[in-house]
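In what follows, a single structure is set out as structure tokens and then discussed.
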Amino acid sequence: MEPTNDELLKGLADGPLTQHGFSDKLKKRIGANVEIQVDKQKKWMPWIGGICTSLVLAALFLTVDWQGSVSQDTAGVPGGETILREVPASTVLSNDNDIFRVHSAMLIGLRKDHLPAGDNPEYSTYRTLLLAEDQGKLSKVAEGDGILMPYKTDFTKITPQSQVSSNEEYRMLKSSLTSDVNKSMALTLKPAKPLRFSEKLLFAGNRYLSISQTSRQKQQGKEVQSEYVWVKDLQDLSQTKPQSALAPARDPHVSLSKLYADPVQSSWKTDNNIDTQVLDSTALSARPLIEDGESWAIVRNQGEWVPKLASYSSSVEQGVNQYQLREVPLKLPTSVVSYDRLTVEWKDILKVHPDAKDAFSSPNDEMVGVVSDREIVVYPLEGQLIPMPLLSVSLTPDESVVMIQWAVDEPFIEAWKKKGRQLLGK
């Protein structure tokens, strides 16, 4: 008796494969699908053969150069060999994806950076994709503006909000529970005024956000742009005020010592003296300096989220005061990233997708998403990466991943699909 889909899936769920390559059951299933396609084609073979023969004879009669000239396609190739050009895997979508049924859903948050143009300063916009099974295949179930992040038993929507005065604009990230999403402030995509203060999202997950801030203010009669980076609790966004531009270190944030506790401080504590000036609104006197471990970021690093510590210097070059990120020997706790494990070796990913720059795999080890500059391609996983794309999503230039969240059990998957369509749109 031939195995059913449910039997095959049950077999896959028993644990990791014990052999290399496809299992005997999967080979048999694929072979059966091939035979069905061959039987369908056989019915048309006599007719197609006759038609093709006639067309070939006519083409030869009309196009053959009876003087024995060399075809341009084979010119310069030894022996007149035909050149076969490999078709990128990302452009070949399998027509037999029903073999690989998915039992998980993913929310992918993307940030697009709009570079400065003329008088318009740099700014960022965001969108969220919900990928899940729909009608038996992995599909883009919903897509919409902003970052839709699972939060406790509900969702929160993170969007940039704007406050405009007579000659300047403050642009900050705000969060709203889904019940209040419709009450969010409307936002014009392009800044209407020069930006005095702006925030950019680097990471979103569970209850934490990694944010970079850019502040522009006068120092000794000269305009200086200062950049900072912080990790915040989601609830900290409601406490961020435009005055943060004047004292960023006083803005609510989560330090490394608070997240990891004191015993691990020796692994990242250095002699780095951070002497960035933090000015108040009335004088140019320096505020207390940012302590080591207060300013850090969560960034994407080829298959995982990693913490990096920010280092500052007092020298202001060309009117810009910037930070530099350096690695620390720490792994992010599950309170920050509940799942962040790549189950495929990077060399195997590059064999399938040579221009890959990032990748992520599902908690149930059934699929892998590969990120390049132009797209996200999802491949099935059965002990190894199978080069039969389930879905491809296009990316625009300067667009990067800031969130990857998973649902792998019912009724959560169906709840995500329902809520995603409602809050993001199809």
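Residues in the structure tokens are numbered from 1 in each chain, the chains being A, B, ... in the order shown, and ligands are numbered from 1 in the order shown.
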If we count only C-alpha atoms, what is near Gln135 in chain A at a cut-off of 12 Å, once residues fewer than 2 positions away on the same chain are taken out, given as a CSV table (one decimal) with N, CA and C atoms, in the first residue's frame?
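Result written to selection37.csv:
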chain,number,residue,atom,x,y,z
A,97,ASN,N,5.4,21.1,-5.0
A,97,ASN,CA,5.7,21.4,-3.6
A,97,ASN,C,4.7,20.8,-2.7
A,98,ASP,N,3.6,20.1,-3.2
A,98,ASP,CA,2.7,19.5,-2.3
A,98,ASP,C,3.4,18.3,-1.6
A,101,ARG,N,4.8,19.7,2.8
A,101,ARG,CA,3.8,20.5,3.5
A,101,ARG,C,4.4,21.2,4.7
A,102,VAL,N,4.1,22.4,5.0
A,102,VAL,CA,4.7,23.2,6.1
A,102,VAL,C,3.7,23.2,7.2
A,132,ALA,N,2.9,31.5,5.6
A,132,ALA,CA,2.3,30.3,6.2
A,132,ALA,C,1.6,29.5,5.1
A,133,GLU,N,1.1,28.3,5.4
A,133,GLU,CA,0.5,27.4,4.4
A,133,GLU,C,-0.9,28.0,4.1
A,137,LYS,N,0.0,25.1,0.2
A,137,LYS,CA,1.3,25.5,-0.2
A,137,LYS,C,1.8,26.7,0.7
A,138,LEU,N,3.1,26.8,0.8
A,138,LEU,CA,3.6,28.0,1.5
A,138,LEU,C,3.3,29.2,0.7
A,139,SER,N,2.7,30.2,1.4
A,139,SER,CA,2.3,31.4,0.6
A,139,SER,C,2.5,32.7,1.5
A,140,LYS,N,2.5,33.8,0.9
A,140,LYS,CA,2.5,35.1,1.6
A,140,LYS,C,1.1,35.4,2.0
A,141,VAL,N,0.7,35.1,3.2
A,141,VAL,CA,-0.7,35.2,3.7
A,141,VAL,C,-1.1,36.6,3.9
Q. Taking only C-alpha atoms into account, which of A:Ser210, A:Ser198, A:Thr396, A:Ser361 comes nearest Val306 in chain A?
A. A:Ser210
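For the atom pair formed by CA of Lys308 in chain A and CA of Thr334 in chain A, the distance is 16.8 Å, given to one decimal.
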Q) Can you list, as a PyMOL selection string, every protein, DNA or RNA residue that comes within 10 Å of Ser394 in chain A when you count only C-alpha atoms, leaving out same-chain residues fewer than 3 positions away? A) chain A and resi 371-377+397
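In this comparison, which uses only C-alpha atoms, the residue of A:Ala356, A:Val320, A:Val254, A:Ala192 approaching Val229 in chain A most closely is A:Val254.
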I'd like the contact shell of Ser175 in chain A - 10 Å cut-off, only C-alpha atoms, skipping same-chain residues fewer than 5 positions apart - returned as a CSV table (one decimal) with N, CA and C atoms, in the first residue's frame.
chain,number,residue,atom,x,y,z
A,146,GLY,N,4.7,48.8,8.7
A,146,GLY,CA,5.0,48.7,10.2
A,146,GLY,C,5.5,47.3,10.5
A,147,ILE,N,5.9,47.2,11.8
A,147,ILE,CA,6.4,45.9,12.3
A,147,ILE,C,5.3,45.3,13.2
A,148,LEU,N,4.7,44.2,12.8
A,148,LEU,CA,3.7,43.5,13.6
A,148,LEU,C,4.5,42.4,14.4
A,149,MET,N,4.6,42.7,15.7
A,149,MET,CA,5.4,41.8,16.6
A,149,MET,C,4.6,41.0,17.6
A,156,THR,N,1.7,43.5,18.9
A,156,THR,CA,1.9,45.0,19.0
A,156,THR,C,2.4,45.5,17.7
A,157,LYS,N,2.0,46.7,17.3
A,157,LYS,CA,2.4,47.3,16.0
A,157,LYS,C,3.4,48.4,16.3
A,158,ILE,N,4.6,48.3,15.7
A,158,ILE,CA,5.7,49.3,15.9
A,158,ILE,C,5.8,50.1,14.6
A,159,THR,N,5.6,51.4,14.7
A,159,THR,CA,5.6,52.3,13.6
A,159,THR,C,6.4,53.6,13.9
A,160,PRO,N,7.0,54.3,13.0
A,160,PRO,CA,7.6,55.6,13.2
A,160,PRO,C,6.5,56.6,13.3
A,161,GLN,N,6.6,57.5,14.3
A,161,GLN,CA,5.6,58.6,14.5
A,161,GLN,C,6.4,59.9,14.4
A,180,ASP,N,-5.4,49.0,19.7
A,180,ASP,CA,-5.3,50.5,19.6
A,180,ASP,C,-4.6,50.9,18.2
A,181,VAL,N,-4.4,49.9,17.3
A,181,VAL,CA,-3.6,50.2,16.1
A,181,VAL,C,-4.3,51.3,15.3
A,184,SER,N,-3.5,55.0,15.9
A,184,SER,CA,-2.1,55.5,15.7
A,184,SER,C,-2.1,56.7,14.9
A,234,LEU,N,10.0,47.0,25.3
A,234,LEU,CA,9.0,47.5,24.5
A,234,LEU,C,8.2,48.7,25.2
A,235,GLN,N,8.0,48.5,26.5
A,235,GLN,CA,7.3,49.6,27.2
A,235,GLN,C,8.1,50.9,27.3
A,236,ASP,N,9.4,50.8,27.1
A,236,ASP,CA,10.2,52.1,27.1
A,236,ASP,C,9.8,53.0,26.0
A,237,LEU,N,9.3,52.5,24.9
A,237,LEU,CA,8.9,53.4,23.8
A,237,LEU,C,7.9,54.5,24.2
A,238,SER,N,7.0,54.1,25.1
A,238,SER,CA,6.0,55.1,25.5
A,238,SER,C,6.6,56.2,26.3
